[in-house]
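Contents: one structure, followed by commentary.
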Amino acid sequence: MTIRKSASSAKTSSAKKPASKGAGKAAPGPAQPQLLPPEDVAEIFARFHKADPEPQGELEYVNAYTLLVAVVLSAQATDVGVNRATRGLFAVADTPQKMLALGEDAVRDHIKTIGLFRAKARNVIALSQLLIDRHGGEVPVDREALEALPGVGRKTANVVLNIFFGHATIAVDTHLFRISNRIPLAPGRTPLEVEQGLLRVIPEQYLLHAHHWLILHGRYVCKARKPECWRCLIADICRYEPKSTPG
Ligand code: SF4
């Protein structure tokens, strides 16, 4: 609701500005997106919940460590592509110790179908070593400790904390960023602004699964190039215009 407050106060203060002789020169700024009232946001998540009460991520993993590695590998890659590579990798290395024993060359070989595989193989080995050195081979349940690992940023830490440890975090990827600005649920210029906005507006009971609902909605319905508004379950609430039609 802070967002709502600041948006409306910004509007008010600009409306009160007296016309000046330089006013004609000022280019009008972009229109402030009209934020949804809390009851509409609640209705959106109630519908997501009704349609898919237990949404699941699409990355395959067998424990916290393999989830962490899979998320690191998923940067600029599809979940399907990552799963194809990690099935073989995790069959032989599902702990940091086994990953180190496997070695960087073999890791690189397993993941060579994924973009940026050389840097990612280096990071997987380096983060496995750090997990052993600093955390006894366990994945820490702590954002700062996670973000200190090679190849792990805020988004990856949020995914691991949410999916494996059940924390109410929201990882803003390209899908969440796009649809949060489009609907708009939580407009922002950066992933962090969007994340903080989403945490403010999403009702608490929906926070745990919000990340999955929004990712799946962005991936399969509210697509980047052509959102499929005609089959969207929140089309009557969403303020994006023009709504798309089939064909
Ligand atoms: S109505 Fe269209 S733009 Fe709005 S959320 Fe649905 S698919 Fe996206």
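Residues are named by chain letter and number: chains run A, B, ... in the order of the structure tokens, numbers start at 1 in each chain, and ligands are numbered from 1 in the order shown.
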Q: List every residue of segment 93-225 of chain A that DSSP, applied to the backbone of this structure, assigns to alpha helix (DSSP H), and report them as JSON, numbers by chain.
A: {"A": [96, 97, 98, 99, 100, 101, 102, 104, 105, 106, 107, 108, 109, 110, 117, 118, 119, 120, 121, 122, 123, 124, 125, 126, 127, 128, 129, 130, 131, 132, 133, 134, 135, 143, 144, 145, 146, 147, 154, 155, 156, 157, 158, 159, 160, 161, 162, 163, 174, 175, 176, 177, 178, 179, 180, 181, 182, 191, 192, 193, 194, 195, 196, 197, 198, 199, 200, 201, 207, 208, 209, 210, 211, 212, 213, 214, 215, 216, 217, 218, 219, 220]}
Q) Excluding same-chain residues fewer than 4 positions from Ile179 of chain A, what lies within 7 Å of it counting only C-alpha atoms, as a list in words? A)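 Listing them by chain and then by number gives His175, Ile183, Pro184, Gly218 and Cys222 of chain A.
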Writing out the chosen residues with N, CA and C atoms as a PDB file, in the first residue's frame:
ATOM      1  N   HIS A 175       9.787 -13.266 -16.541  1.00  0.00           N
ATOM      2  CA  HIS A 175       8.327 -13.397 -16.604  1.00  0.00           C
ATOM      3  C   HIS A 175       7.650 -12.543 -15.521  1.00  0.00           C
ATOM      4  N   ILE A 183       0.184  -5.976 -15.673  1.00  0.00           N
ATOM      5  CA  ILE A 183      -1.191  -6.122 -15.126  1.00  0.00           C
ATOM      6  C   ILE A 183      -1.761  -4.820 -14.563  1.00  0.00           C
ATOM      7  N   PRO A 184      -1.177  -3.882 -13.890  1.00  0.00           N
ATOM      8  CA  PRO A 184       0.096  -4.032 -13.213  1.00  0.00           C
ATOM      9  C   PRO A 184      -0.137  -4.439 -11.756  1.00  0.00           C
ATOM     10  N   GLY A 218       3.149 -16.209 -16.640  1.00  0.00           N
ATOM     11  CA  GLY A 218       3.955 -15.486 -17.629  1.00  0.00           C
ATOM     12  C   GLY A 218       4.496 -16.402 -18.719  1.00  0.00           C
ATOM     13  N   CYS A 222       0.497 -15.190 -20.247  1.00  0.00           N
ATOM     14  CA  CYS A 222       0.836 -13.777 -20.466  1.00  0.00           C
ATOM     15  C   CYS A 222       2.246 -13.708 -21.068  1.00  0.00           C
TER      16      CYS A 222
END
Q: Show which residues sit within 12 Å of Ala119 of chain A, as a ChimeraX atom specification. Count only C-alpha atoms, and ignore same-chain residues fewer than 5 positions away.
A: /A:72-73,75,104-105,107-108,111-112,114,124-126,150-151
Dump as a PDB file, in the first residue's frame, selection limited to N, CA and C atoms:
ATOM      1  N   VAL A  72      21.198 -22.340 -10.620  1.00  0.00           N
ATOM      2  CA  VAL A  72      22.391 -21.653 -11.156  1.00  0.00           C
ATOM      3  C   VAL A  72      22.514 -21.928 -12.664  1.00  0.00           C
ATOM      4  N   LEU A  73      22.256 -23.157 -13.062  1.00  0.00           N
ATOM      5  CA  LEU A  73      22.373 -23.518 -14.481  1.00  0.00           C
ATOM      6  C   LEU A  73      21.249 -22.910 -15.318  1.00  0.00           C
ATOM      7  N   ALA A  75      20.098 -19.907 -15.491  1.00  0.00           N
ATOM      8  CA  ALA A  75      20.220 -18.515 -15.947  1.00  0.00           C
ATOM      9  C   ALA A  75      20.343 -18.510 -17.470  1.00  0.00           C
ATOM     10  N   GLU A 104      35.689 -30.414 -12.884  1.00  0.00           N
ATOM     11  CA  GLU A 104      35.125 -29.379 -13.759  1.00  0.00           C
ATOM     12  C   GLU A 104      34.969 -29.840 -15.212  1.00  0.00           C
ATOM     13  N   ASP A 105      35.936 -30.583 -15.724  1.00  0.00           N
ATOM     14  CA  ASP A 105      35.852 -31.005 -17.130  1.00  0.00           C
ATOM     15  C   ASP A 105      34.619 -31.868 -17.370  1.00  0.00           C
ATOM     16  N   VAL A 107      31.889 -31.986 -15.480  1.00  0.00           N
ATOM     17  CA  VAL A 107      30.680 -31.174 -15.285  1.00  0.00           C
ATOM     18  C   VAL A 107      30.390 -30.409 -16.572  1.00  0.00           C
ATOM     19  N   ARG A 108      31.443 -29.821 -17.135  1.00  0.00           N
ATOM     20  CA  ARG A 108      31.280 -29.045 -18.375  1.00  0.00           C
ATOM     21  C   ARG A 108      30.707 -29.932 -19.477  1.00  0.00           C
ATOM     22  N   ILE A 111      26.970 -30.459 -19.104  1.00  0.00           N
ATOM     23  CA  ILE A 111      26.066 -29.310 -19.281  1.00  0.00           C
ATOM     24  C   ILE A 111      26.360 -28.519 -20.552  1.00  0.00           C
ATOM     25  N   LYS A 112      27.083 -29.119 -21.487  1.00  0.00           N
ATOM     26  CA  LYS A 112      27.537 -28.344 -22.650  1.00  0.00           C
ATOM     27  C   LYS A 112      26.402 -27.913 -23.591  1.00  0.00           C
ATOM     28  N   ILE A 114      23.869 -26.298 -22.501  1.00  0.00           N
ATOM     29  CA  ILE A 114      23.255 -25.122 -21.854  1.00  0.00           C
ATOM     30  C   ILE A 114      24.120 -23.893 -22.146  1.00  0.00           C
ATOM     31  N   VAL A 124      29.753 -24.052 -10.565  1.00  0.00           N
ATOM     32  CA  VAL A 124      29.248 -25.240  -9.846  1.00  0.00           C
ATOM     33  C   VAL A 124      30.365 -25.851  -9.002  1.00  0.00           C
ATOM     34  N   ILE A 125      31.558 -25.938  -9.578  1.00  0.00           N
ATOM     35  CA  ILE A 125      32.683 -26.491  -8.814  1.00  0.00           C
ATOM     36  C   ILE A 125      33.044 -25.555  -7.660  1.00  0.00           C
ATOM     37  N   ALA A 126      33.117 -24.255  -7.948  1.00  0.00           N
ATOM     38  CA  ALA A 126      33.519 -23.297  -6.903  1.00  0.00           C
ATOM     39  C   ALA A 126      32.486 -23.243  -5.778  1.00  0.00           C
ATOM     40  N   PRO A 150      29.465 -18.521  -5.540  1.00  0.00           N
ATOM     41  CA  PRO A 150      29.698 -18.142  -6.935  1.00  0.00           C
ATOM     42  C   PRO A 150      28.497 -18.483  -7.820  1.00  0.00           C
ATOM     43  N   GLY A 151      28.083 -17.525  -8.622  1.00  0.00           N
ATOM     44  CA  GLY A 151      26.978 -17.760  -9.558  1.00  0.00           C
ATOM     45  C   GLY A 151      25.608 -17.631  -8.930  1.00  0.00           C
TER      46      GLY A 151
END
**Q.** Expected selection as a ChimeraX atom specification for ligand 1 within 9 Å, only C-alpha atoms and all ligand atoms
**A.** /A:179-180,182-184,217-218,221-224,226-244
Go ahead and dump the residues you just picked, N, CA and C atoms, as a short mmCIF file (atom, residue, chain, number, x, y, z; two decimals), in the first residue's frame.
data_model
loop_
_atom_site.label_atom_id
_atom_site.label_comp_id
_atom_site.auth_asym_id
_atom_site.auth_seq_id
_atom_site.Cartn_x
_atom_site.Cartn_y
_atom_site.Cartn_z
N ILE A 179 5.10 -9.34 -16.30
CA ILE A 179 3.67 -9.34 -15.99
C ILE A 179 3.33 -8.46 -14.79
N SER A 180 4.29 -8.30 -13.88
CA SER A 180 4.02 -7.41 -12.75
C SER A 180 3.85 -5.98 -13.22
N ARG A 182 2.87 -5.28 -16.37
CA ARG A 182 1.77 -5.27 -17.34
C ARG A 182 0.40 -5.19 -16.68
N ILE A 183 0.18 -5.98 -15.67
CA ILE A 183 -1.19 -6.12 -15.13
C ILE A 183 -1.76 -4.82 -14.56
N PRO A 184 -1.18 -3.88 -13.89
CA PRO A 184 0.10 -4.03 -13.21
C PRO A 184 -0.14 -4.44 -11.76
N HIS A 217 2.09 -18.30 -15.14
CA HIS A 217 1.18 -17.42 -15.89
C HIS A 217 1.96 -16.68 -16.98
N GLY A 218 3.15 -16.21 -16.64
CA GLY A 218 3.95 -15.49 -17.63
C GLY A 218 4.50 -16.40 -18.72
N VAL A 221 0.73 -18.11 -20.46
CA VAL A 221 -0.45 -17.32 -20.85
C VAL A 221 -0.05 -15.88 -21.20
N CYS A 222 0.50 -15.19 -20.25
CA CYS A 222 0.84 -13.78 -20.47
C CYS A 222 2.25 -13.71 -21.07
N LYS A 223 2.35 -14.23 -22.29
CA LYS A 223 3.66 -14.39 -22.94
C LYS A 223 4.22 -13.04 -23.37
N ALA A 224 5.54 -13.02 -23.58
CA ALA A 224 6.21 -11.75 -23.86
C ALA A 224 5.69 -11.10 -25.12
N LYS A 226 3.13 -12.06 -27.36
CA LYS A 226 1.69 -11.95 -27.52
C LYS A 226 0.98 -12.63 -26.35
N PRO A 227 0.58 -11.82 -25.37
CA PRO A 227 -0.16 -12.42 -24.26
C PRO A 227 -1.46 -13.02 -24.77
N GLU A 228 -1.86 -14.14 -24.19
CA GLU A 228 -3.07 -14.82 -24.67
C GLU A 228 -4.26 -14.41 -23.79
N CYS A 229 -4.63 -13.15 -23.96
CA CYS A 229 -5.66 -12.55 -23.10
C CYS A 229 -7.01 -13.25 -23.23
N TRP A 230 -7.28 -13.80 -24.43
CA TRP A 230 -8.59 -14.41 -24.64
C TRP A 230 -8.82 -15.65 -23.78
N ARG A 231 -7.75 -16.24 -23.25
CA ARG A 231 -7.94 -17.41 -22.39
C ARG A 231 -7.35 -17.16 -20.99
N CYS A 232 -7.21 -15.89 -20.65
CA CYS A 232 -6.58 -15.53 -19.37
C CYS A 232 -7.64 -15.45 -18.27
N LEU A 233 -7.37 -16.08 -17.15
CA LEU A 233 -8.40 -16.14 -16.11
C LEU A 233 -8.50 -14.85 -15.28
N ILE A 234 -7.61 -13.89 -15.56
CA ILE A 234 -7.72 -12.61 -14.84
C ILE A 234 -7.92 -11.44 -15.81
N ALA A 235 -8.38 -11.74 -17.03
CA ALA A 235 -8.49 -10.70 -18.07
C ALA A 235 -9.43 -9.57 -17.66
N ASP A 236 -10.47 -9.87 -16.89
CA ASP A 236 -11.41 -8.82 -16.51
C ASP A 236 -10.84 -7.89 -15.43
N ILE A 237 -9.73 -8.31 -14.81
CA ILE A 237 -9.11 -7.47 -13.78
C ILE A 237 -7.89 -6.74 -14.34
N CYS A 238 -7.12 -7.42 -15.18
CA CYS A 238 -5.88 -6.86 -15.74
C CYS A 238 -6.16 -5.58 -16.51
N ARG A 239 -5.25 -4.62 -16.36
CA ARG A 239 -5.48 -3.32 -17.01
C ARG A 239 -4.67 -3.16 -18.29
N TYR A 240 -3.98 -4.19 -18.70
CA TYR A 240 -3.20 -4.10 -19.94
C TYR A 240 -4.14 -3.95 -21.13
N GLU A 241 -3.82 -3.00 -22.00
CA GLU A 241 -4.62 -2.79 -23.21
C GLU A 241 -3.69 -2.57 -24.40
N PRO A 242 -4.06 -2.97 -25.60
CA PRO A 242 -5.29 -3.67 -25.90
C PRO A 242 -5.16 -5.16 -25.59
N LYS A 243 -6.24 -5.77 -25.19
CA LYS A 243 -6.25 -7.20 -24.94
C LYS A 243 -6.12 -7.93 -26.28
N SER A 244 -5.38 -9.01 -26.28
CA SER A 244 -5.19 -9.73 -27.54
C SER A 244 -6.37 -10.67 -27.80
#
Q. Excluding same-chain residues fewer than 3 positions from segment 43-57 of chain A, what lies within 12 Å of it counting only C-alpha atoms, as a ChimeraX atom specification?
A. /A:36-40,60-61,67,70-71,79-80,83,159-160,162-164,183-185,198,201-217,219,232-238
(Q) So, with only C-alpha atoms as the atoms that count, which of A:Leu59, A:Leu199, A:Leu176, A:Leu149 lies closest to Thr78 of chain A? (A)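 Answer, going by the shortest atom-to-atom distance: A:Leu59.
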Q. Mind pulling up the distance from atom CA of Arg200 of chain A to atom CA of Ser74 of chain A?
A. 27.2 Å
Q: Name the closest residue to Lys120 of chain A among the candidates A:Val194, A:Val69, A:Ala85, A:Leu100; distances are taken between atoms, counting only C-alpha atoms.
A: A:Val69
Q | All residues 12 Å or closer to Glu147 of chain A, only C-alpha atoms, same chain fewer than 3 positions away omitted, as a PyMOL selection string | A | chain A and resi 68+72+127+130-131+139-144+150-161
Take the residues just selected and output them with N, CA and C atoms as an mmCIF file, in the first residue's frame.
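Written file, result_9.cif:
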data_model
loop_
_atom_site.group_PDB
_atom_site.id
_atom_site.type_symbol
_atom_site.label_atom_id
_atom_site.label_comp_id
_atom_site.auth_asym_id
_atom_site.auth_seq_id
_atom_site.Cartn_x
_atom_site.Cartn_y
_atom_site.Cartn_z
ATOM 1 N N LEU A 68 19.821 -26.036 -5.943
ATOM 2 C CA LEU A 68 20.695 -24.859 -6.064
ATOM 3 C C LEU A 68 21.475 -24.912 -7.388
ATOM 4 N N VAL A 72 21.198 -22.340 -10.620
ATOM 5 C CA VAL A 72 22.391 -21.653 -11.156
ATOM 6 C C VAL A 72 22.514 -21.928 -12.664
ATOM 7 N N LEU A 127 31.198 -23.272 -6.127
ATOM 8 C CA LEU A 127 30.188 -23.199 -5.055
ATOM 9 C C LEU A 127 30.157 -24.497 -4.252
ATOM 10 N N LEU A 130 32.912 -24.186 -1.765
ATOM 11 C CA LEU A 130 32.553 -23.259 -0.680
ATOM 12 C C LEU A 130 31.520 -23.863 0.273
ATOM 13 N N LEU A 131 30.590 -24.637 -0.284
ATOM 14 C CA LEU A 131 29.600 -25.286 0.593
ATOM 15 C C LEU A 131 30.294 -26.215 1.580
ATOM 16 N N VAL A 139 23.434 -26.823 2.134
ATOM 17 C CA VAL A 139 22.991 -25.546 1.564
ATOM 18 C C VAL A 139 22.486 -24.668 2.701
ATOM 19 N N PRO A 140 23.082 -23.477 2.880
ATOM 20 C CA PRO A 140 22.659 -22.634 4.005
ATOM 21 C C PRO A 140 21.256 -22.070 3.795
ATOM 22 N N VAL A 141 20.497 -21.984 4.890
ATOM 23 C CA VAL A 141 19.141 -21.422 4.809
ATOM 24 C C VAL A 141 19.250 -19.949 5.172
ATOM 25 N N ASP A 142 19.980 -19.224 4.371
ATOM 26 C CA ASP A 142 20.288 -17.849 4.709
ATOM 27 C C ASP A 142 20.627 -17.094 3.424
ATOM 28 N N ARG A 143 19.892 -16.015 3.193
ATOM 29 C CA ARG A 143 20.067 -15.290 1.929
ATOM 30 C C ARG A 143 21.497 -14.805 1.716
ATOM 31 N N GLU A 144 22.070 -14.204 2.758
ATOM 32 C CA GLU A 144 23.406 -13.630 2.605
ATOM 33 C C GLU A 144 24.425 -14.710 2.290
ATOM 34 N N PRO A 150 29.465 -18.521 -5.540
ATOM 35 C CA PRO A 150 29.698 -18.142 -6.935
ATOM 36 C C PRO A 150 28.497 -18.483 -7.820
ATOM 37 N N GLY A 151 28.083 -17.525 -8.622
ATOM 38 C CA GLY A 151 26.978 -17.760 -9.558
ATOM 39 C C GLY A 151 25.608 -17.631 -8.930
ATOM 40 N N VAL A 152 25.553 -17.299 -7.639
ATOM 41 C CA VAL A 152 24.258 -17.205 -6.944
ATOM 42 C C VAL A 152 23.938 -15.738 -6.658
ATOM 43 N N GLY A 153 22.872 -15.252 -7.248
ATOM 44 C CA GLY A 153 22.422 -13.883 -6.995
ATOM 45 C C GLY A 153 21.147 -13.907 -6.184
ATOM 46 N N ARG A 154 20.536 -12.749 -6.060
ATOM 47 C CA ARG A 154 19.318 -12.630 -5.255
ATOM 48 C C ARG A 154 18.198 -13.529 -5.769
ATOM 49 N N LYS A 155 18.072 -13.582 -7.102
ATOM 50 C CA LYS A 155 16.977 -14.376 -7.676
ATOM 51 C C LYS A 155 17.156 -15.862 -7.336
ATOM 52 N N THR A 156 18.381 -16.376 -7.530
ATOM 53 C CA THR A 156 18.642 -17.788 -7.236
ATOM 54 C C THR A 156 18.414 -18.075 -5.750
ATOM 55 N N ALA A 157 18.896 -17.188 -4.900
ATOM 56 C CA ALA A 157 18.712 -17.384 -3.455
ATOM 57 C C ALA A 157 17.218 -17.432 -3.126
ATOM 58 N N ASN A 158 16.443 -16.533 -3.739
ATOM 59 C CA ASN A 158 15.001 -16.508 -3.481
ATOM 60 C C ASN A 158 14.322 -17.799 -3.931
ATOM 61 N N VAL A 159 14.740 -18.320 -5.075
ATOM 62 C CA VAL A 159 14.130 -19.560 -5.579
ATOM 63 C C VAL A 159 14.399 -20.704 -4.600
ATOM 64 N N VAL A 160 15.641 -20.844 -4.167
ATOM 65 C CA VAL A 160 15.998 -21.945 -3.261
ATOM 66 C C VAL A 160 15.277 -21.781 -1.923
ATOM 67 N N LEU A 161 15.269 -20.561 -1.399
ATOM 68 C CA LEU A 161 14.602 -20.331 -0.108
ATOM 69 C C LEU A 161 13.107 -20.619 -0.213
#
Q.
One decimal, in Å: what's the spacing between atom CA of Lys98 of chain A and atom CA of Ala77 of chain A?
A.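 Taking atom CA of Lys98 of chain A as the start and atom CA of Ala77 of chain A as the end point, the length is 24.2 Å.
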